[in-house]
Amino acid sequence: MLLRFEVSNHRSILDPVELSMIAVDEDRKAARDIEGLSERVLTVAGIYGPNASGKSNVLDAINWLSYAVGTSLLGGGDFIARDPHRFNDGDDRPTRFDLDIEVEGVRHGYQLEVNDLEVLHESLCSYPERRRRILFEREGHEVHFRRGLGGTSATKELLTPTTLLLSAAKRVGDPDIQTVARAISGISEVNAQGVRRSWGRPPLQFVVRSSDTHSLFEDKGVRDRISDGSLKGDAALLSFLRLADPGIVDFEIKEFEDRITGASNQQILLVHGSGSAPALFRLSDESAGTRMLFGLLGPVFDALRLGQVLLFDEADASLHPRLSARLIEMFQDPQTNPNRAQIILATHDTSLLSTLNRDEVWFTEKGPDGATRLVALAEFGGDKVRRSLNLERAYLQGRFGAVPEIDHIDVRRALGLAGQAT
């Protein structure tokens, strides 16, 4: 489980911002116990703020680090494809990441500092029995491993100035380090269309990874391993789709021959039970909400099944608020989320504030310097955040900031209406 993430000098983020998944209200079933950790951990976090305030960039920073660990800094080469802050000498400053994550019951801390040309600092530590133990530490070209770790010589041979030590150890290193690397690289981001996104070549560009929802439906072995409370396999998939359209009663997989190439392709058809007889619908014939929910199936069930972290950007686009709320509840509920998967979403949907607890809400704002600030709702004092408070109403009233301010005079001027009588 992700415990804490901090980043500085990434896109609109200049000074360090921190997202914590540690629960403030611990007496809730949504807060999970972790052996060896005194605090309880959340499975959901929602980030709110005006457009261009940096909500997506917080998720982007986590995704950057995940993909960097999985691919050893975006494929290596003679440069590091980072995306520093465009103002305030951001190009000249290093980019720093600091992450705490629980893996197999043990807390681990990973730190990374890079510039355009090399890894400046990298370290990994663990806290067995709550005592800090350094597994490796790197300062420039100097690398030190904890005594007794396996694969250290082979790991060092793979290193270059732009190669991550954690990525190299993931290939040939100690099994304990490999599990941490797999956990970090297993974090994935999905957009409103259910499409996974990754950083990749060319630099500073997202690579779209095809959704795995189709393989989820087509592979019966995978479906049989899915559990959603008392539902399993096909029933779990259909139950999720019925959130968008209760008329969906089944699905079929049919073979179609491509008229041009002659190749045989599989296509998923959804069976609707409304009317006198069932009818088959292609996905292209379904509503935008159903198509979006279908695209989310793969990433969501992967996360729930494997206990991974899922980043969800544009959570309010094309998805009905009730569906978004149900998605959050699936991660909050230990019955539908027994493996302690986590979802972190960026959204404008204020209706979700009735589903989120006060320690699950974060706000982004841009300061006069154009840099993003991230603030936890739980940091606000007094009765502003008492449990009984209507968070949606309070947010829209501007009691926590992080809401867009519209100058109506500027709007009238842009429309050519300035000076006209109202």
# chains A, B, ... in the order shown; residues from 1 in each chain; ligands from 1
call {"tool": "closest_atom_pairs", "arguments": {"of": "segment 66-150 of chain A", "to": "segment 4-7 of chain A", "cutoff": "9 Å", "atoms": "only C-alpha atoms", "output": "JSON lines"}}
result
{"residue": "A:Thr95", "atom": "CA", "partner": "A:Val7", "partner_atom": "CA", "distance": 7.5}
{"residue": "A:Arg96", "atom": "CA", "partner": "A:Val7", "partner_atom": "CA", "distance": 5.6}
{"residue": "A:Phe97", "atom": "CA", "partner": "A:Val7", "partner_atom": "CA", "distance": 4.6}
{"residue": "A:Asp98", "atom": "CA", "partner": "A:Glu6", "partner_atom": "CA", "distance": 5.0}
{"residue": "A:Leu99", "atom": "CA", "partner": "A:Phe5", "partner_atom": "CA", "distance": 4.5}
{"residue": "A:Asp100", "atom": "CA", "partner": "A:Arg4", "partner_atom": "CA", "distance": 5.0}
{"residue": "A:Ile101", "atom": "CA", "partner": "A:Arg4", "partner_atom": "CA", "distance": 7.0}
call {"tool": "write_last_selection", "arguments": {"atoms": "N, CA and C atoms", "output": "compact mmCIF listing (two decimals), in the first residue's frame"}}
result
# COMPACT_ATOMS: atom_id res chain seq x y z
N THR A 95 14.89 17.36 -9.81
CA THR A 95 13.55 16.86 -9.49
C THR A 95 13.69 15.77 -8.45
N ARG A 96 12.87 15.84 -7.41
CA ARG A 96 12.99 14.89 -6.30
C ARG A 96 11.68 14.14 -6.08
N PHE A 97 11.80 12.87 -5.79
CA PHE A 97 10.67 12.01 -5.44
C PHE A 97 10.99 11.32 -4.12
N ASP A 98 9.99 11.20 -3.27
CA ASP A 98 10.16 10.54 -1.98
C ASP A 98 8.88 9.75 -1.71
N LEU A 99 8.98 8.45 -1.63
CA LEU A 99 7.80 7.57 -1.54
C LEU A 99 7.97 6.58 -0.40
N ASP A 100 6.91 6.42 0.39
CA ASP A 100 6.85 5.36 1.39
C ASP A 100 5.77 4.38 0.97
N ILE A 101 6.09 3.10 0.98
CA ILE A 101 5.15 2.09 0.51
C ILE A 101 5.29 0.84 1.38
call {"tool": "residues_around", "arguments": {"residues": "Ser324 of chain A", "least_positions_apart": "5", "cutoff": "9 Å", "atoms": "only C-alpha atoms", "output": "VMD selection string"}}
result
chain A and resid 315 to 316 319 329 349 352
call {"tool": "residues_around", "arguments": {"residues": "segment 30-42 of chain A", "least_positions_apart": "6", "cutoff": "12 Å", "atoms": "only C-alpha atoms", "output": "PyMOL selection string"}}
result
chain A and resi 1-4+19-24+100-108+126-131+309+328-344+355-361
call {"tool": "residues_around", "arguments": {"residues": "segment 220-226 of chain A", "least_positions_apart": "4", "cutoff": "9 Å", "atoms": "only C-alpha atoms", "output": "PyMOL selection string"}}
result
chain A and resi 215-216+231-234+236-237+301-302+304-305
call {"tool": "write_last_selection", "arguments": {"atoms": "C-alpha atoms", "output": "mmCIF file, in the first residue's frame"}}
result
data_model
loop_
_atom_site.group_PDB
_atom_site.id
_atom_site.type_symbol
_atom_site.label_atom_id
_atom_site.label_comp_id
_atom_site.auth_asym_id
_atom_site.auth_seq_id
_atom_site.Cartn_x
_atom_site.Cartn_y
_atom_site.Cartn_z
ATOM 1 C CA SER A 215 -8.584 -9.895 -22.418
ATOM 2 C CA LEU A 216 -10.429 -9.960 -19.103
ATOM 3 C CA LEU A 231 -19.622 -12.624 -6.877
ATOM 4 C CA LYS A 232 -17.044 -14.397 -8.985
ATOM 5 C CA GLY A 233 -15.955 -14.572 -12.578
ATOM 6 C CA ASP A 234 -18.524 -13.555 -15.165
ATOM 7 C CA ALA A 236 -18.539 -9.882 -11.133
ATOM 8 C CA LEU A 237 -17.941 -8.362 -14.568
ATOM 9 C CA PHE A 301 -10.268 -5.460 -11.462
ATOM 10 C CA ASP A 302 -6.516 -5.716 -11.920
ATOM 11 C CA LEU A 304 -8.582 -5.075 -6.784
ATOM 12 C CA ARG A 305 -7.278 -8.542 -7.640
#
call {"tool": "residues_around", "arguments": {"residues": "segment 286-290 of chain A", "least_positions_apart": "2", "cutoff": "9 Å", "atoms": "only C-alpha atoms", "output": "list of chain:residue names"}}
result
A:Leu241, A:Arg242, A:Leu243, A:Ala244, A:Asp245, A:Leu270, A:Phe281, A:Arg282, A:Leu283, A:Ser284, A:Met292, A:Leu293, A:Phe294, A:Gly295, A:Ser318, A:Leu319, A:His320
call {"tool": "select_by_dssp", "arguments": {"residues": "segment 148-388 of chain A", "states": "alpha helix (DSSP H)", "output": "PyMOL selection string"}}
result
chain A and resi 152-157+165-172+175-185+213-218+220-225+234-241+288-306+321-332
call {"tool": "write_last_selection", "arguments": {"atoms": "C-alpha atoms", "output": "mmCIF file, in the first residue's frame"}}
result
data_model
loop_
_atom_site.group_PDB
_atom_site.id
_atom_site.type_symbol
_atom_site.label_atom_id
_atom_site.label_comp_id
_atom_site.auth_asym_id
_atom_site.auth_seq_id
_atom_site.Cartn_x
_atom_site.Cartn_y
_atom_site.Cartn_z
ATOM 1 C CA THR A 152 24.939 -6.566 -6.003
ATOM 2 C CA SER A 153 27.790 -7.149 -8.468
ATOM 3 C CA ALA A 154 25.456 -7.863 -11.395
ATOM 4 C CA THR A 155 23.333 -4.849 -10.470
ATOM 5 C CA LYS A 156 26.323 -2.503 -10.494
ATOM 6 C CA GLU A 157 27.341 -3.748 -13.940
ATOM 7 C CA LEU A 165 19.641 1.315 -9.336
ATOM 8 C CA LEU A 166 16.225 0.043 -8.273
ATOM 9 C CA SER A 167 15.418 -0.887 -11.873
ATOM 10 C CA ALA A 168 18.705 -2.741 -12.281
ATOM 11 C CA ALA A 169 18.127 -4.600 -9.015
ATOM 12 C CA LYS A 170 14.643 -5.483 -10.233
ATOM 13 C CA ARG A 171 16.275 -7.536 -12.991
ATOM 14 C CA VAL A 172 19.119 -9.261 -11.144
ATOM 15 C CA PRO A 175 14.388 -10.736 -3.980
ATOM 16 C CA ASP A 176 13.375 -8.251 -1.256
ATOM 17 C CA ILE A 177 14.410 -5.321 -3.455
ATOM 18 C CA GLN A 178 12.694 -6.879 -6.459
ATOM 19 C CA THR A 179 9.345 -7.018 -4.655
ATOM 20 C CA VAL A 180 9.568 -3.305 -3.838
ATOM 21 C CA ALA A 181 10.453 -2.453 -7.450
ATOM 22 C CA ARG A 182 7.517 -4.507 -8.729
ATOM 23 C CA ALA A 183 5.140 -2.803 -6.296
ATOM 24 C CA ILE A 184 6.193 0.690 -7.406
ATOM 25 C CA SER A 185 6.207 -0.161 -11.115
ATOM 26 C CA THR A 213 -10.669 -5.230 -20.435
ATOM 27 C CA HIS A 214 -11.051 -7.266 -23.629
ATOM 28 C CA SER A 215 -8.584 -9.895 -22.418
ATOM 29 C CA LEU A 216 -10.429 -9.960 -19.103
ATOM 30 C CA PHE A 217 -13.631 -11.016 -20.884
ATOM 31 C CA GLU A 218 -11.921 -13.320 -23.381
ATOM 32 C CA LYS A 220 -12.037 -17.474 -18.784
ATOM 33 C CA GLY A 221 -9.118 -18.399 -16.541
ATOM 34 C CA VAL A 222 -8.706 -14.764 -15.573
ATOM 35 C CA ARG A 223 -12.433 -14.325 -15.026
ATOM 36 C CA ASP A 224 -12.543 -17.331 -12.718
ATOM 37 C CA ARG A 225 -9.897 -15.728 -10.503
ATOM 38 C CA ASP A 234 -18.524 -13.555 -15.165
ATOM 39 C CA ALA A 235 -21.003 -12.456 -12.498
ATOM 40 C CA ALA A 236 -18.539 -9.882 -11.133
ATOM 41 C CA LEU A 237 -17.941 -8.362 -14.568
ATOM 42 C CA LEU A 238 -21.646 -8.189 -15.368
ATOM 43 C CA SER A 239 -22.453 -6.751 -11.953
ATOM 44 C CA PHE A 240 -20.008 -3.926 -12.607
ATOM 45 C CA LEU A 241 -21.450 -3.190 -16.063
ATOM 46 C CA ALA A 288 -20.739 6.757 -23.431
ATOM 47 C CA GLY A 289 -21.115 5.840 -19.754
ATOM 48 C CA THR A 290 -21.308 2.103 -20.495
ATOM 49 C CA ARG A 291 -18.287 2.283 -22.825
ATOM 50 C CA MET A 292 -16.312 4.149 -20.225
ATOM 51 C CA LEU A 293 -17.245 1.707 -17.476
ATOM 52 C CA PHE A 294 -16.286 -1.160 -19.783
ATOM 53 C CA GLY A 295 -12.880 0.440 -20.341
ATOM 54 C CA LEU A 296 -12.381 0.804 -16.589
ATOM 55 C CA LEU A 297 -13.152 -2.852 -15.911
ATOM 56 C CA GLY A 298 -9.670 -4.125 -16.715
ATOM 57 C CA PRO A 299 -7.673 -1.597 -14.689
ATOM 58 C CA VAL A 300 -10.115 -1.669 -11.753
ATOM 59 C CA PHE A 301 -10.268 -5.460 -11.462
ATOM 60 C CA ASP A 302 -6.516 -5.716 -11.920
ATOM 61 C CA ALA A 303 -6.010 -3.334 -9.007
ATOM 62 C CA LEU A 304 -8.582 -5.075 -6.784
ATOM 63 C CA ARG A 305 -7.278 -8.542 -7.640
ATOM 64 C CA LEU A 306 -3.582 -7.724 -7.232
ATOM 65 C CA PRO A 321 -21.784 10.573 -10.144
ATOM 66 C CA ARG A 322 -23.520 7.477 -8.749
ATOM 67 C CA LEU A 323 -21.148 5.254 -10.721
ATOM 68 C CA SER A 324 -18.139 7.208 -9.480
ATOM 69 C CA ALA A 325 -19.440 6.888 -5.926
ATOM 70 C CA ARG A 326 -19.922 3.141 -6.340
ATOM 71 C CA LEU A 327 -16.381 2.822 -7.680
ATOM 72 C CA ILE A 328 -15.024 4.588 -4.606
ATOM 73 C CA GLU A 329 -17.120 2.407 -2.316
ATOM 74 C CA MET A 330 -15.683 -0.729 -3.949
ATOM 75 C CA PHE A 331 -12.201 0.360 -2.842
ATOM 76 C CA GLN A 332 -13.375 1.485 0.605
#
call {"tool": "residues_around", "arguments": {"residues": "Phe363 of chain A", "least_positions_apart": "6", "cutoff": "6 Å", "atoms": "only C-alpha atoms", "output": "JSON, numbers by chain"}}
result
{"A": [47, 48, 49, 374, 375, 402]}
call {"tool": "atom_distance", "arguments": {"atom1": "atom CA of Arg132 of chain A", "atom2": "atom CA of Leu120 of chain A"}}
result
22.1 Å
call {"tool": "residues_around", "arguments": {"residues": "Ala61 of chain A", "least_positions_apart": "4", "cutoff": "10 Å", "atoms": "only C-alpha atoms", "output": "number ranges by chain"}}
result
A: 5-11, 13, 56-57, 65-67, 82-83, 97
call {"tool": "write_last_selection", "arguments": {"atoms": "C-alpha atoms", "output": "compact mmCIF listing (two decimals), in the first residue's frame"}}
result
# COMPACT_ATOMS: atom_id res chain seq x y z
CA PHE A 5 4.31 10.42 -1.74
CA GLU A 6 6.27 13.65 -2.04
CA VAL A 7 7.53 15.39 -5.18
CA SER A 8 9.19 18.67 -6.08
CA ASN A 9 9.98 20.35 -9.42
CA HIS A 10 7.66 18.35 -11.64
CA ARG A 11 5.49 20.22 -14.13
CA ILE A 13 4.82 21.53 -8.88
CA SER A 56 -3.48 15.85 -12.74
CA ASN A 57 0.17 16.71 -12.18
CA LEU A 65 8.11 7.45 -10.94
CA SER A 66 6.25 4.17 -11.45
CA TYR A 67 7.08 4.02 -15.14
CA ARG A 82 11.88 14.64 -16.77
CA ASP A 83 9.48 17.58 -16.94
CA PHE A 97 10.67 12.01 -5.44
call {"tool": "atom_distance", "arguments": {"atom1": "atom CA of Ile134 of chain A", "atom2": "atom CA of Glu113 of chain A"}}
result
16.9 Å
call {"tool": "select_by_dssp", "arguments": {"residues": "segment 246-361 of chain A", "states": "strand (DSSP E)", "output": "ChimeraX atom specification"}}
result
/A:248-257,264-272,279-282,309-312,342-346,361
